[in-house]
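Dumped work08.txt below, it's compact mmCIF, C-alpha atoms:
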```
# COMPACT_ATOMS: atom_id res chain seq x y z
CA MET Q 1250 -127.20 80.02 191.45
CA LYS Q 1251 -129.94 77.69 190.24
CA ARG Q 1252 -132.85 79.37 188.52
CA PHE Q 1253 -136.20 78.38 187.16
CA LEU Q 1254 -138.49 80.74 185.27
CA SER Q 1255 -141.90 80.08 183.84
CA ILE Q 1256 -144.28 82.54 182.20
CA THR Q 1257 -147.38 80.50 181.72
CA ARG Q 1258 -151.09 80.61 181.01
CA ASP Q 1259 -151.69 77.63 183.33
CA PRO Q 1260 -152.73 77.93 186.98
CA ILE Q 1261 -149.72 78.00 189.28
CA ASP Q 1262 -149.35 74.67 191.08
CA GLU Q 1263 -147.87 76.01 194.29
CA ALA Q 1264 -148.10 72.74 196.19
CA GLY Q 1265 -146.36 70.91 193.36
CA LEU Q 1266 -143.64 73.54 193.18
CA VAL Q 1267 -143.06 73.30 196.93
CA ALA Q 1268 -142.92 69.52 196.71
CA ASN Q 1269 -140.18 69.83 194.07
CA ARG Q 1270 -137.94 72.06 196.17
CA THR Q 1271 -134.30 71.04 196.27
CA LEU Q 1272 -131.66 72.49 198.53
CA SER Q 1273 -128.14 71.59 199.49
CA SER Q 1274 -127.13 70.85 203.08
CA GLY Q 1275 -125.81 74.35 203.71
CA MET Q 1276 -129.14 76.01 203.06
CA GLY Q 1277 -131.36 76.98 205.96
CA ALA Q 1278 -134.10 79.22 204.59
CA ALA Q 1279 -136.70 79.06 201.87
CA VAL Q 1280 -138.94 82.08 201.44
CA TYR Q 1281 -142.00 81.90 199.20
CA PHE Q 1282 -144.26 84.63 197.95
CA SER Q 1283 -147.60 84.07 196.32
CA GLY Q 1284 -149.29 87.12 194.83
CA VAL Q 1285 -153.03 86.62 194.58
CA VAL Q 1286 -155.55 88.62 192.54
CA ARG Q 1287 -157.68 90.72 194.88
CA GLY Q 1288 -161.41 91.31 194.38
CA GLN Q 1289 -160.91 95.04 194.24
CA GLU Q 1290 -158.78 97.05 191.81
CA GLY Q 1291 -158.74 100.58 193.11
CA ALA Q 1292 -162.40 101.33 193.97
CA GLU Q 1293 -163.79 98.86 191.46
CA ALA Q 1294 -164.95 95.32 192.22
CA ILE Q 1295 -163.41 92.91 189.74
CA ALA Q 1296 -163.72 89.24 188.87
CA ALA Q 1297 -160.30 88.73 187.35
CA LEU Q 1298 -157.25 90.40 185.87
CA ASP Q 1299 -156.11 89.87 182.29
CA TYR Q 1300 -152.32 89.82 182.24
CA SER Q 1301 -150.56 90.54 178.98
CA CYS Q 1302 -146.84 90.10 178.47
CA PHE Q 1303 -144.09 90.83 175.96
CA VAL Q 1304 -142.74 87.35 176.61
CA PRO Q 1305 -139.22 87.34 175.10
CA MET Q 1306 -138.38 90.65 176.75
CA ALA Q 1307 -139.97 89.58 180.05
CA GLU Q 1308 -137.86 86.43 180.06
CA HIS Q 1309 -134.75 88.42 179.26
CA GLN Q 1310 -135.43 91.00 181.95
CA PHE Q 1311 -136.18 88.33 184.56
CA HIS Q 1312 -132.88 86.66 183.76
CA ARG Q 1313 -131.08 89.99 184.08
CA LEU Q 1314 -132.55 90.28 187.58
CA PHE Q 1315 -131.46 86.74 188.36
CA ASP Q 1316 -127.97 87.58 187.09
CA ARG Q 1317 -127.81 90.49 189.52
CA LEU Q 1318 -129.06 88.25 192.32
CA ALA Q 1319 -126.42 85.65 191.49
CA GLU Q 1320 -123.71 88.30 191.81
CA ARG Q 1321 -124.61 88.76 195.46
CA GLY Q 1322 -123.53 85.15 196.01
CA SER Q 1323 -125.82 84.42 198.94
CA VAL Q 1324 -128.77 82.86 197.12
CA GLU Q 1325 -128.60 79.20 196.14
CA SER Q 1326 -131.69 79.14 193.99
CA VAL Q 1327 -134.55 81.25 192.73
CA ARG Q 1328 -137.71 79.92 191.12
CA LEU Q 1329 -140.31 82.26 189.67
CA VAL Q 1330 -143.61 81.60 187.92
CA HIS Q 1331 -145.69 84.43 186.49
CA ARG Q 1332 -149.08 83.57 185.16
CA ILE Q 1333 -150.48 85.49 182.18
CA GLY Q 1334 -153.88 85.56 180.52
CA ARG Q 1335 -156.97 85.68 182.69
CA VAL Q 1336 -156.39 85.13 186.40
CA ALA Q 1337 -159.50 84.99 188.59
CA VAL Q 1338 -159.81 86.67 191.96
CA GLY Q 1339 -158.27 84.41 194.61
CA GLU Q 1340 -155.86 82.79 192.17
CA SER Q 1341 -152.12 83.35 192.21
CA SER Q 1342 -150.55 85.43 189.44
CA LEU Q 1343 -147.01 85.33 190.79
CA TRP Q 1344 -145.06 82.75 192.77
CA ILE Q 1345 -141.46 83.15 193.87
CA GLU Q 1346 -139.17 80.97 195.94
CA VAL Q 1347 -135.75 82.01 197.14
CA VAL Q 1348 -133.44 79.54 198.92
CA SER Q 1349 -130.52 80.84 200.91
CA ALA Q 1350 -128.34 79.88 203.85
CA HIS Q 1351 -129.97 82.39 206.18
CA ARG Q 1352 -133.42 83.85 206.38
CA ALA Q 1353 -132.51 87.54 206.20
CA GLU Q 1354 -130.92 86.99 202.78
CA ALA Q 1355 -133.86 84.93 201.56
CA PHE Q 1356 -136.46 87.48 202.68
CA GLY Q 1357 -134.41 90.34 201.27
CA ALA Q 1358 -133.80 88.68 197.92
CA CYS Q 1359 -137.43 87.66 197.48
CA GLN Q 1360 -138.64 91.20 198.08
CA TRP Q 1361 -135.90 92.62 195.88
CA VAL Q 1362 -136.95 90.44 192.94
CA ILE Q 1363 -140.56 91.60 193.29
CA ASP Q 1364 -139.61 95.26 193.60
CA GLU Q 1365 -137.31 95.14 190.58
CA MET Q 1366 -139.76 93.10 188.50
CA LYS Q 1367 -142.36 95.80 188.99
CA GLN Q 1368 -139.93 98.29 187.42
CA VAL Q 1369 -138.63 96.42 184.41
CA VAL Q 1370 -140.50 93.27 183.40
CA PRO Q 1371 -142.99 94.01 180.60
CA ILE Q 1372 -146.20 92.59 182.00
CA TRP Q 1373 -149.46 94.52 182.23
CA LYS Q 1374 -152.81 93.84 183.77
CA SER Q 1375 -156.30 95.00 182.95
CA PRO Q 1376 -159.32 94.51 185.20
CA VAL Q 1377 -162.20 92.23 184.23
CA THR Q 1378 -165.59 92.93 185.81
CA ALA Q 1379 -167.98 90.17 186.80
CA ALA Q 1380 -170.20 91.04 183.82
CA GLU Q 1381 -167.27 90.82 181.43
CA ALA Q 1382 -166.06 87.59 182.97
CA SER Q 1383 -169.45 85.91 182.57
CA THR Q 1384 -170.13 87.07 179.01
CA SER Q 1385 -166.76 86.72 177.33
CA LEU Q 1386 -163.76 84.55 177.14
CA ASN Q 1387 -160.40 86.19 177.44
CA PRO Q 1388 -160.57 88.84 174.73
CA ASN Q 1389 -156.85 88.72 174.06
CA PRO Q 1390 -155.94 85.06 174.13
CA THR Q 1391 -152.60 85.62 172.49
CA SER Q 1392 -151.52 88.83 174.18
CA MET W 132 -157.30 87.07 212.43
CA LYS W 133 -157.35 83.36 211.67
CA ARG W 134 -154.60 81.36 213.29
CA PHE W 135 -153.30 77.83 213.18
CA LEU W 136 -150.54 76.52 215.42
CA SER W 137 -149.00 73.10 215.52
CA ILE W 138 -146.04 71.93 217.57
CA THR W 139 -145.47 68.45 216.27
CA ARG W 140 -143.03 65.56 216.08
CA ASP W 141 -144.17 64.74 212.55
CA PRO W 142 -142.44 65.96 209.39
CA ILE W 143 -143.91 69.23 208.16
CA ASP W 144 -146.07 68.62 205.10
CA GLU W 145 -145.42 71.93 203.38
CA ALA W 146 -147.13 71.01 200.14
CA GLY W 147 -150.21 69.88 202.01
CA LEU W 148 -150.26 73.07 204.06
CA VAL W 149 -149.99 75.20 200.92
CA ALA W 150 -152.77 73.21 199.27
CA ASN W 151 -155.01 73.99 202.27
CA ARG W 152 -154.50 77.75 202.11
CA THR W 153 -157.65 79.80 202.36
CA LEU W 154 -157.94 83.51 201.78
CA SER W 155 -160.74 85.99 201.30
CA SER W 156 -161.14 88.05 198.15
CA GLY W 157 -159.45 91.11 199.63
CA MET W 158 -156.16 89.33 200.25
CA GLY W 159 -153.32 89.71 197.78
CA ALA W 160 -150.21 88.31 199.41
CA ALA W 161 -149.18 85.05 201.04
CA VAL W 162 -145.63 84.85 202.37
CA TYR W 163 -144.19 81.52 203.48
CA PHE W 164 -141.06 80.74 205.35
CA SER W 165 -139.52 77.33 205.71
CA GLY W 166 -136.58 76.99 208.07
CA VAL W 167 -134.45 74.01 207.20
CA VAL W 168 -131.80 72.28 209.32
CA ARG W 169 -128.34 73.02 207.90
CA GLY W 170 -125.53 70.49 207.78
CA GLN W 171 -123.29 72.71 209.84
CA GLU W 172 -123.89 74.03 213.36
CA GLY W 173 -121.15 76.55 214.00
CA ALA W 174 -117.96 74.82 212.83
CA GLU W 175 -119.29 71.32 213.42
CA ALA W 176 -120.81 69.04 210.78
CA ILE W 177 -124.08 67.64 212.04
CA ALA W 178 -126.65 65.09 210.88
CA ALA W 179 -129.68 66.47 212.68
CA LEU W 180 -130.92 68.74 215.44
CA ASP W 181 -132.88 67.50 218.44
CA TYR W 182 -135.49 70.10 219.31
CA SER W 183 -136.92 70.11 222.81
CA CYS W 184 -139.87 72.21 223.87
CA PHE W 185 -141.81 73.27 226.95
CA VAL W 186 -144.98 72.74 224.99
CA PRO W 187 -147.74 74.44 227.05
CA MET W 188 -145.63 77.56 227.48
CA ALA W 189 -144.56 77.52 223.82
CA GLU W 190 -148.18 77.37 222.71
CA HIS W 191 -149.09 80.18 225.08
CA GLN W 192 -146.21 82.37 223.94
CA PHE W 193 -146.97 81.74 220.26
CA HIS W 194 -150.56 82.80 220.86
CA ARG W 195 -149.39 85.94 222.65
CA LEU W 196 -147.39 86.78 219.52
CA PHE W 197 -150.42 86.08 217.35
CA ASP W 198 -152.49 88.36 219.61
CA ARG W 199 -150.02 91.15 219.04
CA LEU W 200 -150.10 90.48 215.30
CA ALA W 201 -153.90 90.58 215.33
CA GLU W 202 -153.82 94.01 216.97
CA ARG W 203 -152.05 95.39 213.91
CA GLY W 204 -155.18 94.56 211.93
CA SER W 205 -153.47 94.01 208.58
CA VAL W 206 -152.98 90.25 208.68
CA GLU W 207 -155.88 87.98 207.75
CA SER W 208 -154.30 84.73 208.83
CA VAL W 209 -151.16 83.21 210.27
CA ARG W 210 -150.31 79.53 210.27
CA LEU W 211 -147.25 78.21 212.05
CA VAL W 212 -145.85 74.72 212.44
CA HIS W 213 -142.79 74.02 214.58
CA ARG W 214 -141.39 70.54 214.51
CA ILE W 215 -139.77 69.11 217.64
CA GLY W 216 -137.80 65.95 218.32
CA ARG W 217 -135.12 64.92 215.85
CA VAL W 218 -135.07 66.86 212.59
CA ALA W 219 -132.55 65.68 209.99
CA VAL W 220 -130.40 68.00 207.90
CA GLY W 221 -132.43 69.19 204.92
CA GLU W 222 -135.76 68.85 206.71
CA SER W 223 -137.89 71.77 207.79
CA SER W 224 -138.13 72.58 211.49
CA LEU W 225 -140.29 75.67 211.11
CA TRP W 226 -142.97 76.67 208.62
CA ILE W 227 -144.89 79.93 208.69
CA GLU W 228 -147.49 81.41 206.39
CA VAL W 229 -148.83 84.95 206.67
CA VAL W 230 -151.71 86.14 204.49
CA SER W 231 -152.35 89.83 204.11
CA ALA W 232 -153.82 92.30 201.66
CA HIS W 233 -150.44 93.62 200.57
CA ARG W 234 -147.03 92.07 200.35
CA ALA W 235 -145.13 94.54 202.51
CA GLU W 236 -147.36 93.67 205.48
CA ALA W 237 -147.08 89.96 204.81
CA PHE W 238 -143.27 90.02 204.55
CA GLY W 239 -142.99 92.24 207.61
CA ALA W 240 -145.32 90.15 209.74
CA CYS W 241 -143.66 86.88 208.78
CA GLN W 242 -140.22 88.17 209.73
CA TRP W 243 -141.60 89.74 212.92
CA VAL W 244 -143.06 86.43 214.07
CA ILE W 245 -139.73 84.67 213.54
CA ASP W 246 -137.75 87.39 215.29
CA GLU W 247 -140.07 87.45 218.30
CA MET W 248 -140.31 83.67 218.47
CA LYS W 249 -136.54 83.49 218.82
CA GLN W 250 -136.81 85.70 221.90
CA VAL W 251 -139.69 84.17 223.81
CA VAL W 252 -140.86 80.73 222.68
CA PRO W 253 -139.28 78.00 224.86
CA ILE W 254 -137.78 75.69 222.26
CA TRP W 255 -134.16 74.56 222.27
CA LYS W 256 -132.01 72.60 219.89
CA SER W 257 -129.01 70.36 220.35
CA PRO W 258 -126.80 69.12 217.53
CA VAL W 259 -126.64 65.44 216.59
CA THR W 260 -123.49 64.21 214.86
CA ALA W 261 -123.56 61.61 212.12
CA ALA W 262 -122.11 59.05 214.56
CA GLU W 263 -124.82 59.78 217.11
CA ALA W 264 -127.54 59.69 214.50
CA SER W 265 -126.47 56.28 213.25
CA THR W 266 -126.00 54.63 216.66
CA SER W 267 -128.91 55.94 218.66
CA LEU W 268 -132.51 56.78 218.41
CA ASN W 269 -133.58 60.15 219.69
CA PRO W 270 -132.25 60.06 223.27
CA ASN W 271 -135.02 62.30 224.59
CA PRO W 272 -138.16 61.08 222.87
CA THR W 273 -140.44 62.90 225.30
CA SER W 274 -138.52 66.13 225.72
CA MET H 522 -144.58 76.34 251.06
CA THR H 523 -143.07 73.97 248.48
CA ILE H 524 -142.56 75.13 244.93
CA PRO H 525 -141.85 72.67 242.10
CA VAL H 526 -139.09 73.80 239.77
CA THR H 527 -138.53 72.37 236.27
CA PHE H 528 -135.25 72.68 234.37
CA TRP H 529 -135.38 72.77 230.58
CA SER H 530 -132.77 72.07 227.92
CA TYR H 531 -129.22 71.72 229.22
CA PHE H 532 -130.22 73.19 232.56
CA ALA H 533 -131.51 69.70 233.41
CA GLU H 534 -128.04 68.25 232.81
CA LEU H 535 -126.40 70.99 234.86
CA ALA H 536 -128.87 70.44 237.69
CA GLY H 537 -128.60 66.67 237.47
CA CYS H 538 -132.38 66.37 237.31
CA SER H 539 -135.22 67.80 235.30
CA GLU H 540 -137.39 68.67 238.25
CA THR H 541 -136.98 69.44 241.96
CA VAL H 542 -138.97 70.95 244.79
CA VAL H 543 -137.79 73.96 246.79
CA THR H 544 -139.20 74.88 250.20
CA VAL H 545 -139.49 78.62 250.80
CA SER H 546 -141.34 80.72 253.33
CA ALA H 547 -144.68 82.28 252.41
CA SER H 548 -144.50 85.35 250.12
CA SER H 549 -140.95 84.59 249.04
CA THR H 550 -139.80 86.07 245.77
CA ILE H 551 -138.26 84.17 242.91
CA ASP H 552 -134.90 85.69 243.86
CA GLU H 553 -135.24 84.08 247.28
CA LEU H 554 -136.16 80.75 245.71
CA LEU H 555 -133.15 80.99 243.41
CA ALA H 556 -130.82 81.70 246.32
CA ALA H 557 -131.95 78.46 247.95
CA LEU H 558 -131.82 76.57 244.67
CA TYR H 559 -128.33 77.74 243.77
CA GLN H 560 -126.99 76.37 247.06
CA ALA H 561 -127.95 72.90 245.86
CA HIS H 562 -127.10 73.48 242.18
CA PRO H 563 -124.04 75.75 241.95
CA ALA H 564 -123.54 75.00 238.23
CA LEU H 565 -126.80 76.82 237.51
CA ALA H 566 -125.75 79.83 239.57
CA GLU H 567 -123.00 80.58 237.07
CA LEU H 568 -125.60 81.01 234.32
CA ARG H 569 -127.87 83.20 236.38
CA ARG H 570 -127.54 86.25 234.15
CA SER H 571 -128.74 84.40 231.06
CA THR H 572 -131.38 82.34 232.87
CA LEU H 573 -135.01 82.76 231.82
CA ILE H 574 -137.66 82.29 234.48
CA ALA H 575 -141.30 81.38 234.03
CA VAL H 576 -144.12 80.83 236.47
CA GLY H 577 -146.64 78.59 234.77
CA VAL H 578 -146.49 79.71 231.12
CA GLU H 579 -145.60 83.37 231.72
CA TYR H 580 -142.19 84.95 232.02
CA GLN H 581 -141.46 86.53 235.40
CA ASP H 582 -138.50 88.27 236.95
CA GLY H 583 -136.79 87.82 240.30
CA GLU H 584 -139.14 90.17 242.16
CA TYR H 585 -142.20 88.04 241.45
CA VAL H 586 -143.85 86.99 244.74
CA LEU H 587 -144.53 83.26 244.82
CA LYS H 588 -147.83 81.82 245.94
CA PRO H 589 -148.95 78.25 246.68
CA GLY H 590 -149.54 76.30 243.48
CA ASP H 591 -146.94 78.20 241.44
CA HIS H 592 -144.75 76.10 239.20
CA VAL H 593 -141.39 77.63 238.30
CA SER H 594 -139.40 76.84 235.14
CA LEU H 595 -135.79 77.77 234.57
CA PHE H 596 -134.13 77.59 231.19
CA PRO H 597 -131.40 78.99 228.98
CA PRO H 598 -132.02 81.39 226.08
CA VAL H 599 -134.52 79.92 223.64
CA GLN H 600 -133.51 78.69 220.17
CA GLY H 601 -136.64 78.04 218.17
CA GLY H 602 -136.66 78.07 214.40
CA MET A 1371 -134.62 102.31 156.57
CA THR A 1372 -137.88 100.89 157.91
CA ILE A 1373 -138.24 100.09 161.60
CA PRO A 1374 -141.08 97.92 162.89
CA VAL A 1375 -142.69 99.28 166.04
CA THR A 1376 -144.87 97.22 168.38
CA PHE A 1377 -147.29 98.73 170.89
CA TRP A 1378 -147.99 96.83 174.11
CA SER A 1379 -150.85 96.98 176.59
CA TYR A 1380 -153.24 99.93 176.12
CA PHE A 1381 -150.77 101.63 173.80
CA ALA A 1382 -152.15 99.31 171.11
CA GLU A 1383 -155.65 100.69 171.66
CA LEU A 1384 -154.39 104.27 171.65
CA ALA A 1385 -152.45 103.64 168.45
CA GLY A 1386 -155.32 101.75 166.85
CA CYS A 1387 -152.99 98.90 165.97
CA SER A 1388 -150.51 96.66 167.73
CA GLU A 1389 -147.74 97.06 165.18
CA THR A 1390 -146.67 99.54 162.54
CA VAL A 1391 -143.63 100.37 160.45
CA VAL A 1392 -141.87 103.72 160.51
CA THR A 1393 -139.51 104.89 157.78
CA VAL A 1394 -136.57 106.93 159.04
CA SER A 1395 -133.29 108.00 157.51
CA ALA A 1396 -130.13 106.07 158.30
CA SER A 1397 -128.63 106.66 161.75
CA SER A 1398 -131.81 108.20 163.10
CA THR A 1399 -132.30 108.16 166.84
CA ILE A 1400 -135.31 106.83 168.67
CA ASP A 1401 -136.31 110.43 169.38
CA GLU A 1402 -136.45 111.03 165.63
CA LEU A 1403 -138.48 107.88 165.10
CA LEU A 1404 -140.88 108.97 167.85
CA ALA A 1405 -141.32 112.40 166.28
CA ALA A 1406 -142.46 110.71 163.06
CA LEU A 1407 -144.59 108.21 164.93
CA TYR A 1408 -146.34 110.81 167.05
CA GLN A 1409 -147.49 112.65 163.90
CA ALA A 1410 -149.51 109.59 163.00
CA HIS A 1411 -150.51 108.68 166.56
CA PRO A 1412 -151.05 111.87 168.57
CA ALA A 1413 -152.76 110.02 171.44
CA LEU A 1414 -149.45 108.32 172.20
CA ALA A 1415 -147.59 111.63 172.19
CA GLU A 1416 -149.49 112.73 175.27
CA LEU A 1417 -148.04 109.79 177.22
CA ARG A 1418 -144.51 110.35 176.06
CA ARG A 1419 -143.11 111.08 179.51
CA SER A 1420 -144.28 107.74 180.92
CA THR A 1421 -143.51 105.72 177.77
CA LEU A 1422 -141.00 102.90 178.07
CA ILE A 1423 -138.92 102.10 174.99
CA ALA A 1424 -137.20 98.86 174.10
CA VAL A 1425 -135.10 97.82 171.13
CA GLY A 1426 -135.34 94.07 170.89
CA VAL A 1427 -135.48 92.96 174.53
CA GLU A 1428 -133.41 95.78 176.04
CA TYR A 1429 -134.53 99.14 177.33
CA GLN A 1430 -133.18 102.13 175.44
CA ASP A 1431 -133.61 105.87 175.66
CA GLY A 1432 -134.33 108.49 172.99
CA GLU A 1433 -130.69 108.96 172.08
CA TYR A 1434 -130.24 105.38 170.91
CA VAL A 1435 -129.13 105.30 167.26
CA LEU A 1436 -131.25 102.92 165.21
CA LYS A 1437 -129.77 100.42 162.82
CA PRO A 1438 -131.31 98.14 160.19
CA GLY A 1439 -133.02 95.14 161.79
CA ASP A 1440 -133.91 96.94 165.02
CA HIS A 1441 -137.38 96.27 166.36
CA VAL A 1442 -138.77 98.97 168.64
CA SER A 1443 -141.39 98.37 171.34
CA LEU A 1444 -143.32 101.11 173.12
CA PHE A 1445 -145.33 100.50 176.25
CA PRO A 1446 -146.72 102.06 179.42
CA PRO A 1447 -145.27 101.45 182.88
CA VAL A 1448 -145.15 97.74 183.66
CA GLN A 1449 -147.46 96.11 186.20
CA GLY A 1450 -146.24 92.60 186.83
CA GLY A 1451 -147.05 90.74 190.01
```
Taking this structure as input, can you express it in the form of structure tokens?
Amino acid sequence: MKRFLSITRDPIDEAGLVANRTLSSGMGAAVYFSGVVRGQEGAEAIAALDYSCFVPMAEHQFHRLFDRLAERGSVESVRLVHRIGRVAVGESSLWIEVVSAHRAEAFGACQWVIDEMKQVVPIWKSPVTAAEASTSLNPNPTS
Amino acid sequence: MKRFLSITRDPIDEAGLVANRTLSSGMGAAVYFSGVVRGQEGAEAIAALDYSCFVPMAEHQFHRLFDRLAERGSVESVRLVHRIGRVAVGESSLWIEVVSAHRAEAFGACQWVIDEMKQVVPIWKSPVTAAEASTSLNPNPTS
Amino acid sequence: MTIPVTFWSYFAELAGCSETVVTVSASSTIDELLAALYQAHPALAELRRSTLIAVGVEYQDGEYVLKPGDHVSLFPPVQGG
Amino acid sequence: MTIPVTFWSYFAELAGCSETVVTVSASSTIDELLAALYQAHPALAELRRSTLIAVGVEYQDGEYVLKPGDHVSLFPPVQGG
């Protein structure tokens, strides 16, 4: 199974990622998920989320998930980009692509990766209000 | 619910479609599906599929599906492109995007549209072998 | 009245044409139209159970009562995607 | 032996630092390390039941036996996506 993982502070270039898709002639389904920061976190209006990450462990845990996915044998490739640092409302914090022969496998695997990630990958978010966003830069540029 | 439908003979410009995504600040999930022509149709190796379509009815039936999706109230937008005519192995014949507040709704709605489409939208495919693809143009350019 | 009938996908090959016209009496049902049609196109009759029927752009079943101006389409199971 | 401990996310604010060092006797478990740690950082003790523990880049539980060179991380439930 091919895999690509990026934990990055840069905006996620979804169109560029899609343009770089590769698949072999047996593959019939590509499922993509883009998770976008919403303007509301609970009851509170927000301007952004600050994502922090324990990067080496996050990379390791993502690859453990990919290993488990590879064992299923039905997925040809998974690509995952998680953005960290400050992500404004309307911007994507998570992008996943799963390529498989059939769509049921691709949909299932994509959702499985998200569900498992939310259990084990050490990434955290904290809300940024409009006032905070306008008066400060990211307070934790290295976290 | 916003909707965009295109039944087209042109290649599907997935990257361009992704680049044109719009979503309001309450939306958190965009799910995409790209259905790609496989090199095998049953036991037979193929070079392409010729898709034919009863276009006015297909458009009407797609919009009936979108109406039913809109009634659910949880989807902000659906965009769907179905390519017709000759589609080579490795090229996309179907592209769908569903935008919703939460990912479970977006995944569910995207799969629902595909499942329903395969029941009611009058589109048919016929396999094209490598020999046929190399010796003929699309035999039914208007179908 | 005369009702135009269009065949889609491989139904056109089985029928030997992509479109025909069937003459039926007023207030005939689709089942009555099909009975007449299948006389002329026996290859289609064999696929009757899997045949999808539309009038205009809406699906209909055999009990639908035809009216002047209706356009019938017959086709095999759809295969989009 | 001395074991470095890193706090992630709001655990750093509760601890008042993002990293500390805890001295434990040889072959101590993580539970023993936590008992010492929670003396110094009582605010963290209250969140013990939802605390996730890693040694290096792997999750471990309280019964894990520490060895020289281990690096412990403590953090709240993860929130990726």
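The closest residue to chain A, picked from W:Gly216, W:Trp243, W:Val209, W:His233 and counting all atoms listed in the file, is W:His233.
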- Skip Lys1437 in chain A itself and residues of its chain fewer than 2 positions away, then list as a ChimeraX atom specification all residues within 8 Å of it, counting only C-alpha atoms. /A:1396-1397,1435,1439-1440
- Interface residues on chain Q facing chain W, 10 Å, all atoms listed in the file, written as a PyMOL selection string: chain Q and resi 1262-1269+1271-1290+1295-1296+1338-1348+1350-1353+1355-1357+1359-1360+1363
Give me, as CSV, the closest atom pair and its distance (Å, one decimal) for every residue of chain H within a cut-off of 8 Å of range 179-197 of chain W, counting only C-alpha atoms, rows sorted by chain and rising number.
```
residue,atom,partner,partner_atom,distance
H:Trp529,CA,W:Phe185,CA,7.4
H:Ser530,CA,W:Ser183,CA,6.9
H:Gly577,CA,W:Met188,CA,7.4
H:Val578,CA,W:Met188,CA,4.3
H:Glu579,CA,W:Met188,CA,7.2
```
- Quick one: residues within 9 Å of Asp552 in chain H, only C-alpha atoms counted, chain neighbours fewer than 5 positions away excluded, as a ChimeraX atom specification? /H:557,582-585
Convert the current residue selection to file output with C-alpha atoms, as a compact mmCIF listing (two decimals), in the frame of the given file.
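Dumped to result_20.txt:
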```
# COMPACT_ATOMS: atom_id res chain seq x y z
CA ALA H 557 -131.95 78.46 247.95
CA ASP H 582 -138.50 88.27 236.95
CA GLY H 583 -136.79 87.82 240.30
CA GLU H 584 -139.14 90.17 242.16
CA TYR H 585 -142.20 88.04 241.45
```
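If you look at CA of Thr1372 in chain A and CA of Pro1371 in chain Q, they are 24.3 Å away from each other.
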- Between H:Leu568, H:Leu558, H:Tyr531, H:Ile551, single out the one closest to chain W, counting all atoms listed in the file. H:Tyr531
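The smallest atom-to-atom distance between chain Q and any of A:Ala1382, A:Val1391, A:Leu1404, A:Ala1410, using only C-alpha atoms, is found for A:Ala1382.
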- From the list W:Ser231, W:Asp246, W:Arg199, W:Val251, which residue is nearest Ile574 in chain H when using all atoms listed in the file?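 For Ile574 in chain H, the nearest of the given residues is W:Val251.
Between CA of Val1324 in chain Q and CA of Arg1270 in chain Q the separation is 14.2 Å.
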- CA of Leu136 in chain W to CA of Leu200 in chain W, straight-line distance in Å: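 Distance reported for this atom pair: 14.0 Å.
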